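Just input.cif here, mmCIF, C-alpha atoms, pLDDT in the B column; chains and numbers go by the auth columns:
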```cif
data_data
#
loop_
_atom_site.group_PDB
_atom_site.id
_atom_site.type_symbol
_atom_site.label_atom_id
_atom_site.label_comp_id
_atom_site.label_asym_id
_atom_site.label_seq_id
_atom_site.Cartn_x
_atom_site.Cartn_y
_atom_site.Cartn_z
_atom_site.B_iso_or_equiv
_atom_site.auth_seq_id
_atom_site.auth_asym_id
ATOM 1 C CA MET A 1 -4.182 48.504 144.321 38.00 1 A
ATOM 2 C CA LYS A 2 -1.366 49.337 141.891 46.00 2 A
ATOM 3 C CA GLU A 3 -0.230 52.962 141.993 63.00 3 A
ATOM 4 C CA SER A 4 -1.313 54.688 138.793 80.00 4 A
ATOM 5 C CA ILE A 5 0.716 57.140 136.745 84.00 5 A
ATOM 6 C CA PHE A 6 -1.537 59.892 138.150 88.00 6 A
ATOM 7 C CA ASP A 7 -0.913 58.843 141.773 90.00 7 A
ATOM 8 C CA LYS A 8 2.806 59.198 141.131 90.00 8 A
ATOM 9 C CA ILE A 9 2.475 62.811 139.955 91.00 9 A
ATOM 10 C CA SER A 10 -0.274 63.866 142.401 92.00 10 A
ATOM 11 C CA ALA A 11 2.006 66.312 144.255 92.00 11 A
ATOM 12 C CA GLU A 12 2.759 68.080 140.939 94.00 12 A
ATOM 13 C CA TRP A 13 -0.869 68.198 139.716 94.00 13 A
ATOM 14 C CA TRP A 14 -1.204 71.946 140.240 94.00 14 A
ATOM 15 C CA ASP A 15 2.175 72.873 138.746 94.00 15 A
ATOM 16 C CA GLN A 16 1.093 74.605 135.536 91.00 16 A
ATOM 17 C CA ASN A 17 4.508 73.926 134.001 90.00 17 A
ATOM 18 C CA GLY A 18 4.681 70.373 135.339 92.00 18 A
ATOM 19 C CA PRO A 19 3.547 66.979 134.001 91.00 19 A
ATOM 20 C CA MET A 20 -0.113 68.092 133.839 92.00 20 A
ATOM 21 C CA LYS A 21 0.566 71.316 131.916 92.00 21 A
ATOM 22 C CA MET A 22 -1.449 70.168 128.895 92.00 22 A
ATOM 23 C CA LEU A 23 -4.485 69.518 131.105 93.00 23 A
ATOM 24 C CA HIS A 24 -4.174 72.987 132.641 95.00 24 A
ATOM 25 C CA SER A 25 -3.913 74.565 129.195 95.00 25 A
ATOM 26 C CA MET A 26 -7.109 72.783 128.062 96.00 26 A
ATOM 27 C CA ASN A 27 -9.238 74.007 130.943 96.00 27 A
ATOM 28 C CA GLU A 28 -10.291 77.406 129.595 96.00 28 A
ATOM 29 C CA THR A 29 -11.434 76.021 126.207 97.00 29 A
ATOM 30 C CA ARG A 30 -13.280 73.092 127.791 98.00 30 A
ATOM 31 C CA MET A 31 -14.998 75.445 130.240 97.00 31 A
ATOM 32 C CA LEU A 32 -16.247 77.714 127.444 98.00 32 A
ATOM 33 C CA PHE A 33 -17.884 74.708 125.772 98.00 33 A
ATOM 34 C CA ILE A 34 -19.356 73.450 129.076 98.00 34 A
ATOM 35 C CA LYS A 35 -20.817 76.843 130.041 97.00 35 A
ATOM 36 C CA GLU A 36 -22.249 77.355 126.554 98.00 36 A
ATOM 37 C CA ARG A 37 -23.996 73.964 126.522 98.00 37 A
ATOM 38 C CA ILE A 38 -25.322 74.318 130.096 98.00 38 A
ATOM 39 C CA ILE A 39 -26.779 77.765 129.305 98.00 39 A
ATOM 40 C CA ASN A 40 -28.284 76.424 126.080 98.00 40 A
ATOM 41 C CA LYS A 41 -29.864 73.455 127.872 98.00 41 A
ATOM 42 C CA TYR A 42 -31.322 75.394 130.805 98.00 42 A
ATOM 43 C CA GLN A 43 -31.879 78.819 129.224 96.00 43 A
ATOM 44 C CA LYS A 44 -35.346 79.101 130.784 96.00 44 A
ATOM 45 C CA LEU A 45 -33.672 79.431 134.185 96.00 45 A
ATOM 46 C CA GLY A 46 -31.818 82.566 133.100 94.00 46 A
ATOM 47 C CA SER A 47 -28.145 83.309 133.742 95.00 47 A
ATOM 48 C CA LEU A 48 -25.381 80.747 134.268 96.00 48 A
ATOM 49 C CA LYS A 49 -25.233 81.811 137.927 94.00 49 A
ATOM 50 C CA LYS A 50 -28.931 80.994 138.420 96.00 50 A
ATOM 51 C CA ILE A 51 -28.563 77.658 136.628 97.00 51 A
ATOM 52 C CA LEU A 52 -25.568 76.644 138.743 95.00 52 A
ATOM 53 C CA GLU A 53 -27.418 77.565 141.946 92.00 53 A
ATOM 54 C CA LYS A 54 -30.272 75.207 141.052 95.00 54 A
ATOM 55 C CA LYS A 55 -28.463 72.276 139.434 97.00 55 A
ATOM 56 C CA LEU A 56 -26.316 69.553 140.978 98.00 56 A
ATOM 57 C CA ILE A 57 -23.072 68.776 139.133 98.00 57 A
ATOM 58 C CA LEU A 58 -20.921 65.645 139.196 98.00 58 A
ATOM 59 C CA ASP A 59 -17.269 66.015 138.196 98.00 59 A
ATOM 60 C CA LEU A 60 -16.582 62.391 137.318 98.00 60 A
ATOM 61 C CA GLY A 61 -12.905 61.481 137.563 97.00 61 A
ATOM 62 C CA CYS A 62 -12.002 64.912 138.921 97.00 62 A
ATOM 63 C CA GLY A 63 -8.292 64.252 139.459 96.00 63 A
ATOM 64 C CA GLY A 64 -6.758 67.070 141.481 96.00 64 A
ATOM 65 C CA GLY A 65 -9.753 69.332 140.863 97.00 65 A
ATOM 66 C CA ILE A 66 -8.834 71.641 137.956 97.00 66 A
ATOM 67 C CA LEU A 67 -12.372 71.667 136.544 97.00 67 A
ATOM 68 C CA SER A 68 -14.109 71.570 139.939 98.00 68 A
ATOM 69 C CA GLU A 69 -12.279 74.666 141.173 97.00 69 A
ATOM 70 C CA THR A 70 -13.240 76.669 138.087 96.00 70 A
ATOM 71 C CA LEU A 71 -16.901 75.696 138.531 96.00 71 A
ATOM 72 C CA ALA A 72 -16.877 76.342 142.286 97.00 72 A
ATOM 73 C CA GLU A 73 -15.596 79.863 141.608 96.00 73 A
ATOM 74 C CA GLU A 74 -18.746 80.329 139.481 94.00 74 A
ATOM 75 C CA GLY A 75 -20.919 79.241 142.428 95.00 75 A
ATOM 76 C CA ALA A 76 -21.674 75.665 141.337 96.00 76 A
ATOM 77 C CA ASN A 77 -22.889 72.849 143.611 95.00 77 A
ATOM 78 C CA ILE A 78 -20.390 70.059 142.911 97.00 78 A
ATOM 79 C CA LEU A 79 -19.715 66.526 143.971 98.00 79 A
ATOM 80 C CA ALA A 80 -16.266 65.643 142.622 98.00 80 A
ATOM 81 C CA ILE A 81 -15.172 62.012 142.668 98.00 81 A
ATOM 82 C CA ASP A 82 -12.000 60.145 141.788 97.00 82 A
ATOM 83 C CA GLN A 83 -10.655 56.714 142.690 95.00 83 A
ATOM 84 C CA SER A 84 -7.204 58.079 143.484 95.00 84 A
ATOM 85 C CA LYS A 85 -6.972 58.843 147.203 96.00 85 A
ATOM 86 C CA LYS A 86 -3.766 60.826 146.642 96.00 86 A
ATOM 87 C CA LEU A 87 -5.426 63.111 144.094 97.00 87 A
ATOM 88 C CA ILE A 88 -8.531 63.618 146.238 97.00 88 A
ATOM 89 C CA ASN A 89 -6.300 64.572 149.183 97.00 89 A
ATOM 90 C CA GLU A 90 -4.446 67.102 147.003 96.00 90 A
ATOM 91 C CA ALA A 91 -7.772 68.505 145.772 97.00 91 A
ATOM 92 C CA LYS A 92 -9.158 68.809 149.319 97.00 92 A
ATOM 93 C CA LYS A 93 -6.048 70.648 150.519 97.00 93 A
ATOM 94 C CA ARG A 94 -6.292 73.096 147.620 96.00 94 A
ATOM 95 C CA ALA A 95 -10.007 73.734 148.113 97.00 95 A
ATOM 96 C CA LYS A 96 -9.505 74.353 151.831 97.00 96 A
ATOM 97 C CA SER A 97 -6.658 76.821 151.232 96.00 97 A
ATOM 98 C CA LYS A 98 -8.761 78.688 148.650 96.00 98 A
ATOM 99 C CA LYS A 99 -11.947 78.481 150.765 96.00 99 A
ATOM 100 C CA LEU A 100 -13.855 76.764 147.946 97.00 100 A
ATOM 101 C CA LYS A 101 -16.931 74.684 148.668 95.00 101 A
ATOM 102 C CA ILE A 102 -16.420 71.412 146.787 98.00 102 A
ATOM 103 C CA ASP A 103 -17.555 67.998 147.985 98.00 103 A
ATOM 104 C CA TYR A 104 -14.548 65.829 147.103 98.00 104 A
ATOM 105 C CA GLN A 105 -14.970 62.092 147.625 98.00 105 A
ATOM 106 C CA CYS A 106 -12.744 59.128 146.862 97.00 106 A
ATOM 107 C CA GLN A 107 -15.262 56.787 145.276 96.00 107 A
ATOM 108 C CA SER A 108 -16.416 55.305 141.968 97.00 108 A
ATOM 109 C CA ILE A 109 -19.394 55.940 139.706 97.00 109 A
ATOM 110 C CA LYS A 110 -20.469 52.365 140.513 97.00 110 A
ATOM 111 C CA SER A 111 -20.809 53.203 144.216 97.00 111 A
ATOM 112 C CA LEU A 112 -22.817 56.358 143.373 97.00 112 A
ATOM 113 C CA LYS A 113 -25.160 54.288 141.214 97.00 113 A
ATOM 114 C CA ALA A 114 -25.641 51.846 144.108 97.00 114 A
ATOM 115 C CA LYS A 115 -26.680 54.790 146.316 96.00 115 A
ATOM 116 C CA LYS A 116 -29.177 55.899 143.610 96.00 116 A
ATOM 117 C CA VAL A 117 -27.727 59.415 143.527 94.00 117 A
ATOM 118 C CA LYS A 118 -28.668 61.411 140.411 97.00 118 A
ATOM 119 C CA PHE A 119 -27.273 64.598 138.890 98.00 119 A
ATOM 120 C CA ASP A 120 -28.508 67.312 136.534 98.00 120 A
ATOM 121 C CA ILE A 121 -25.090 67.788 134.958 98.00 121 A
ATOM 122 C CA ILE A 122 -22.274 65.251 134.665 98.00 122 A
ATOM 123 C CA LEU A 123 -18.839 66.310 133.424 98.00 123 A
ATOM 124 C CA CYS A 124 -16.236 63.690 132.576 98.00 124 A
ATOM 125 C CA MET A 125 -13.022 65.228 131.296 98.00 125 A
ATOM 126 C CA GLU A 126 -10.095 63.164 129.985 97.00 126 A
ATOM 127 C CA VAL A 127 -11.201 60.055 131.874 97.00 127 A
ATOM 128 C CA ILE A 128 -12.785 57.529 129.480 97.00 128 A
ATOM 129 C CA GLU A 129 -9.501 56.910 127.648 96.00 129 A
ATOM 130 C CA HIS A 130 -8.060 55.533 130.917 95.00 130 A
ATOM 131 C CA VAL A 131 -10.986 53.198 131.729 95.00 131 A
ATOM 132 C CA GLN A 132 -10.667 49.476 130.932 92.00 132 A
ATOM 133 C CA ASP A 133 -14.390 48.829 130.371 95.00 133 A
ATOM 134 C CA TYR A 134 -15.553 52.148 128.917 94.00 134 A
ATOM 135 C CA ARG A 135 -19.038 50.857 127.937 95.00 135 A
ATOM 136 C CA SER A 136 -19.914 49.900 131.517 97.00 136 A
ATOM 137 C CA PHE A 137 -18.424 53.165 132.771 97.00 137 A
ATOM 138 C CA ILE A 138 -20.471 55.306 130.334 97.00 138 A
ATOM 139 C CA LYS A 139 -23.608 53.257 131.100 97.00 139 A
ATOM 140 C CA LEU A 140 -23.179 53.927 134.832 98.00 140 A
ATOM 141 C CA ALA A 141 -22.729 57.639 134.116 98.00 141 A
ATOM 142 C CA PHE A 142 -26.026 57.757 132.207 97.00 142 A
ATOM 143 C CA GLU A 143 -27.729 55.839 135.014 97.00 143 A
ATOM 144 C CA CYS A 144 -26.674 58.618 137.404 98.00 144 A
ATOM 145 C CA LEU A 145 -28.016 61.372 135.122 98.00 145 A
ATOM 146 C CA LYS A 146 -31.462 62.896 135.666 97.00 146 A
ATOM 147 C CA THR A 147 -34.005 62.661 132.833 94.00 147 A
ATOM 148 C CA ASP A 148 -33.692 66.356 131.979 95.00 148 A
ATOM 149 C CA GLY A 149 -29.915 66.288 132.299 98.00 149 A
ATOM 150 C CA ILE A 150 -26.813 67.005 130.261 98.00 150 A
ATOM 151 C CA ILE A 151 -23.573 65.051 130.175 98.00 151 A
ATOM 152 C CA VAL A 152 -20.295 66.274 128.701 98.00 152 A
ATOM 153 C CA PHE A 153 -17.349 64.040 127.836 98.00 153 A
ATOM 154 C CA SER A 154 -13.926 65.237 126.729 98.00 154 A
ATOM 155 C CA THR A 155 -11.702 62.433 125.449 98.00 155 A
ATOM 156 C CA ILE A 156 -9.622 61.130 122.530 98.00 156 A
ATOM 157 C CA ASN A 157 -10.867 59.543 119.317 98.00 157 A
ATOM 158 C CA LYS A 158 -9.373 56.309 117.990 97.00 158 A
ATOM 159 C CA SER A 159 -7.642 57.238 114.730 97.00 159 A
ATOM 160 C CA ILE A 160 -4.227 57.436 113.072 97.00 160 A
ATOM 161 C CA LEU A 161 -4.230 61.190 113.779 95.00 161 A
ATOM 162 C CA SER A 162 -4.877 60.689 117.509 96.00 162 A
ATOM 163 C CA TYR A 163 -1.972 58.230 117.775 92.00 163 A
ATOM 164 C CA PHE A 164 0.316 60.692 116.012 94.00 164 A
ATOM 165 C CA THR A 165 -0.693 63.759 118.101 93.00 165 A
ATOM 166 C CA THR A 166 -1.265 62.297 121.582 94.00 166 A
ATOM 167 C CA ILE A 167 1.272 59.473 121.762 93.00 167 A
ATOM 168 C CA PHE A 168 3.974 59.862 119.111 91.00 168 A
ATOM 169 C CA LEU A 169 4.244 63.676 119.334 86.00 169 A
ATOM 170 C CA ALA A 170 3.034 64.569 122.857 89.00 170 A
ATOM 171 C CA GLU A 171 4.614 61.643 124.716 89.00 171 A
ATOM 172 C CA LYS A 172 7.534 60.347 122.675 90.00 172 A
ATOM 173 C CA ILE A 173 8.897 63.363 120.793 92.00 173 A
ATOM 174 C CA LEU A 174 7.925 66.553 122.655 89.00 174 A
ATOM 175 C CA LYS A 175 7.617 64.948 126.143 89.00 175 A
ATOM 176 C CA LEU A 176 4.606 67.179 126.912 87.00 176 A
ATOM 177 C CA VAL A 177 2.935 64.459 128.986 87.00 177 A
ATOM 178 C CA PRO A 178 4.484 61.613 131.013 86.00 178 A
ATOM 179 C CA SER A 179 5.393 58.487 129.026 87.00 179 A
ATOM 180 C CA LYS A 180 2.672 55.795 128.885 87.00 180 A
ATOM 181 C CA THR A 181 -0.063 58.220 129.971 89.00 181 A
ATOM 182 C CA HIS A 182 -2.138 57.013 127.024 91.00 182 A
ATOM 183 C CA ASP A 183 -2.951 53.683 125.417 95.00 183 A
ATOM 184 C CA TRP A 184 -4.298 53.982 121.858 95.00 184 A
ATOM 185 C CA ASP A 185 -6.279 50.737 122.258 95.00 185 A
ATOM 186 C CA MET A 186 -8.345 52.425 125.003 96.00 186 A
ATOM 187 C CA TYR A 187 -9.337 55.466 122.932 97.00 187 A
ATOM 188 C CA VAL A 188 -13.083 55.842 122.285 98.00 188 A
ATOM 189 C CA LYS A 189 -14.876 56.997 119.147 98.00 189 A
ATOM 190 C CA PRO A 190 -17.788 59.473 119.499 98.00 190 A
ATOM 191 C CA GLU A 191 -20.183 56.996 117.908 98.00 191 A
ATOM 192 C CA GLU A 192 -19.333 54.485 120.640 97.00 192 A
ATOM 193 C CA ILE A 193 -20.440 56.981 123.293 98.00 193 A
ATOM 194 C CA LEU A 194 -23.594 57.800 121.307 98.00 194 A
ATOM 195 C CA GLU A 195 -24.474 54.098 121.008 97.00 195 A
ATOM 196 C CA VAL A 196 -24.730 53.916 124.808 96.00 196 A
ATOM 197 C CA ALA A 197 -26.550 57.280 124.960 97.00 197 A
ATOM 198 C CA GLU A 198 -29.262 56.093 122.578 97.00 198 A
ATOM 199 C CA LYS A 199 -30.115 53.201 124.886 95.00 199 A
ATOM 200 C CA PHE A 200 -31.070 55.804 127.505 95.00 200 A
ATOM 201 C CA SER A 201 -32.984 57.944 124.978 95.00 201 A
ATOM 202 C CA PHE A 202 -30.284 60.610 125.047 97.00 202 A
ATOM 203 C CA LYS A 203 -29.017 62.244 121.868 97.00 203 A
ATOM 204 C CA LEU A 204 -26.148 64.325 120.577 98.00 204 A
ATOM 205 C CA ASP A 205 -26.277 68.002 121.539 98.00 205 A
ATOM 206 C CA LYS A 206 -22.929 69.209 120.146 98.00 206 A
ATOM 207 C CA ILE A 207 -19.479 67.880 119.304 98.00 207 A
ATOM 208 C CA LYS A 208 -16.265 69.765 118.588 98.00 208 A
ATOM 209 C CA GLY A 209 -12.653 68.835 118.079 98.00 209 A
ATOM 210 C CA LEU A 210 -9.963 70.356 120.311 98.00 210 A
ATOM 211 C CA ALA A 211 -6.512 71.292 119.019 96.00 211 A
ATOM 212 C CA ALA A 212 -3.435 72.617 120.806 94.00 212 A
ATOM 213 C CA ILE A 213 -1.734 75.622 119.214 94.00 213 A
ATOM 214 C CA PRO A 214 1.787 76.566 120.440 89.00 214 A
ATOM 215 C CA SER A 215 1.929 80.039 122.019 85.00 215 A
ATOM 216 C CA LEU A 216 4.370 82.140 124.052 80.00 216 A
ATOM 217 C CA GLN A 217 2.686 80.901 127.240 79.00 217 A
ATOM 218 C CA GLY A 218 2.919 77.250 126.181 85.00 218 A
ATOM 219 C CA PHE A 219 -0.182 75.989 124.403 90.00 219 A
ATOM 220 C CA LYS A 220 -3.581 77.459 123.643 94.00 220 A
ATOM 221 C CA TRP A 221 -6.426 75.092 122.818 97.00 221 A
ATOM 222 C CA ILE A 222 -8.983 75.980 120.177 97.00 222 A
ATOM 223 C CA ARG A 223 -12.216 74.393 118.990 98.00 223 A
ATOM 224 C CA ILE A 224 -12.146 72.891 115.502 98.00 224 A
ATOM 225 C CA ASN A 225 -14.549 70.854 113.370 98.00 225 A
ATOM 226 C CA ASN A 226 -12.151 67.911 113.004 98.00 226 A
ATOM 227 C CA THR A 227 -12.892 65.405 115.819 98.00 227 A
ATOM 228 C CA LYS A 228 -10.322 62.752 114.815 98.00 228 A
ATOM 229 C CA ALA A 229 -8.021 63.449 117.778 97.00 229 A
ATOM 230 C CA ASN A 230 -9.169 65.262 120.961 97.00 230 A
ATOM 231 C CA TYR A 231 -12.883 66.044 121.102 98.00 231 A
ATOM 232 C CA ILE A 232 -15.569 67.305 123.480 98.00 232 A
ATOM 233 C CA ILE A 233 -19.154 66.105 123.208 98.00 233 A
ATOM 234 C CA SER A 234 -22.385 67.094 124.991 98.00 234 A
ATOM 235 C CA ILE A 235 -25.386 64.779 125.157 98.00 235 A
ATOM 236 C CA ILE A 236 -28.958 65.618 126.207 98.00 236 A
ATOM 237 C CA ASN A 237 -32.419 64.042 126.038 90.00 237 A
#
```
Show this structure as structure tokens.
Amino acid sequence: MKESIFDKISAEWWDQNGPMKMLHSMNETRMLFIKERIINKYQKLGSLKKILEKKLILDLGCGGGILSETLAEEGANILAIDQSKKLINEAKKRAKSKKLKIDYQCQSIKSLKAKKVKFDIILCMEVIEHVQDYRSFIKLAFECLKTDGIIVFSTINKSILSYFTTIFLAEKILKLVPSKTHDWDMYVKPEEILEVAEKFSFKLDKIKGLAAIPSLQGFKWIRINNTKANYIISIIN
């Protein structure tokens, strides 16, 4: 299997000023959206802590575990999967050193589907734009979601604006992310995700755009109404 761009930088995944700095800077804003939508979906269960105790979460395409660690610190039950063995090994080492209970596994969503494993909450952050056959990938994700579940995707829309911000500016001009991290042809529009969702009787819960604002610490991400570039979308039944 050809070494991916993410395999090559696996040792630097947790360097907050390294090649994954933009991903680190996004985490707080993404987490606020995720927590808000989970609480809204399962409000009858009470607090976020009580919800996380009762629900099983899949971190799909977890990378080195940025999202998983944040959730584990909140007491979540997580299975975190990625197809990069190097990244899973980095994530396992980190979790062990921090004494965090996260079930990291190097496997695909296809293998989970074959095992008929289902989750209450599936989180898929900055993954779809790197998947060759995104429709099959999204379909498998919905097949692993329980009937009363919620799924959250964070990805990049296919537009002139997204090319300008994520490839021309971020990669070529400002060098904020490694060159060739993104391929505009692989970007996915929200309506393309919703088309698959509808086939499983799931519907849009909420969608917001995400924008990076320069700050003294680097970048701060904020939620905006414009979803033409980065966006985060939650889907429920």
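With distances restricted to all atoms listed in the file, A:Ser159 is the closest residue to A:Asp185 from A:Ser10, A:Ser4, A:Ser154, A:Ser159.
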Inset, instruction - Report as a PyMOL selection string the residues that result from applying the PyMOL selection byres ((chain A and resi 203) around 10) to the structure here. - result: chain A and resi 150+194-202+204-206+234-237
Legend entry - Selection result of the PyMOL selection byres ((chain A and resi 212) around 9) on this file, as a list in words: Met22, Ser25, Met26, Leu210, Ala211, Ile213, Pro214, Phe219, Lys220, Trp221 and Ile222 of chain A
Inset, instruction - Work out how far atom CA of A:Ile207 is from atom CA of A:Leu56, in Å to one decimal. - result: 22.8 Å
Inset, instruction - Please write the residues picked by the PyMOL selection byres ((chain A and resi 14) around 9) on this file as a VMD selection string. - result: chain A and resid 10 to 13 15 to 18 20 to 21 24 64 to 66 90
Would you output that residue set with C-alpha atoms, as a CSV table (one decimal), in the coordinates of the input?
```csv
chain,number,residue,atom,x,y,z
A,10,SER,CA,-0.3,63.9,142.4
A,11,ALA,CA,2.0,66.3,144.3
A,12,GLU,CA,2.8,68.1,140.9
A,13,TRP,CA,-0.9,68.2,139.7
A,15,ASP,CA,2.2,72.9,138.7
A,16,GLN,CA,1.1,74.6,135.5
A,17,ASN,CA,4.5,73.9,134.0
A,18,GLY,CA,4.7,70.4,135.3
A,20,MET,CA,-0.1,68.1,133.8
A,21,LYS,CA,0.6,71.3,131.9
A,24,HIS,CA,-4.2,73.0,132.6
A,64,GLY,CA,-6.8,67.1,141.5
A,65,GLY,CA,-9.8,69.3,140.9
A,66,ILE,CA,-8.8,71.6,138.0
A,90,GLU,CA,-4.4,67.1,147.0
```
Legend entry - Of the listed residues A:Asp7, A:Asp120, A:Glu126, A:Glu28, that which approaches A:Phe142 most closely, counting all atoms listed in the file: A:Asp120
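Reported to one decimal place, the separation of atom CA of A:Ala76 from atom CA of A:Lys41 is 15.9 Å.
The gap separating atom CA of A:Val117 from atom CA of A:Thr147 is 12.8 Å, in Å to one decimal.
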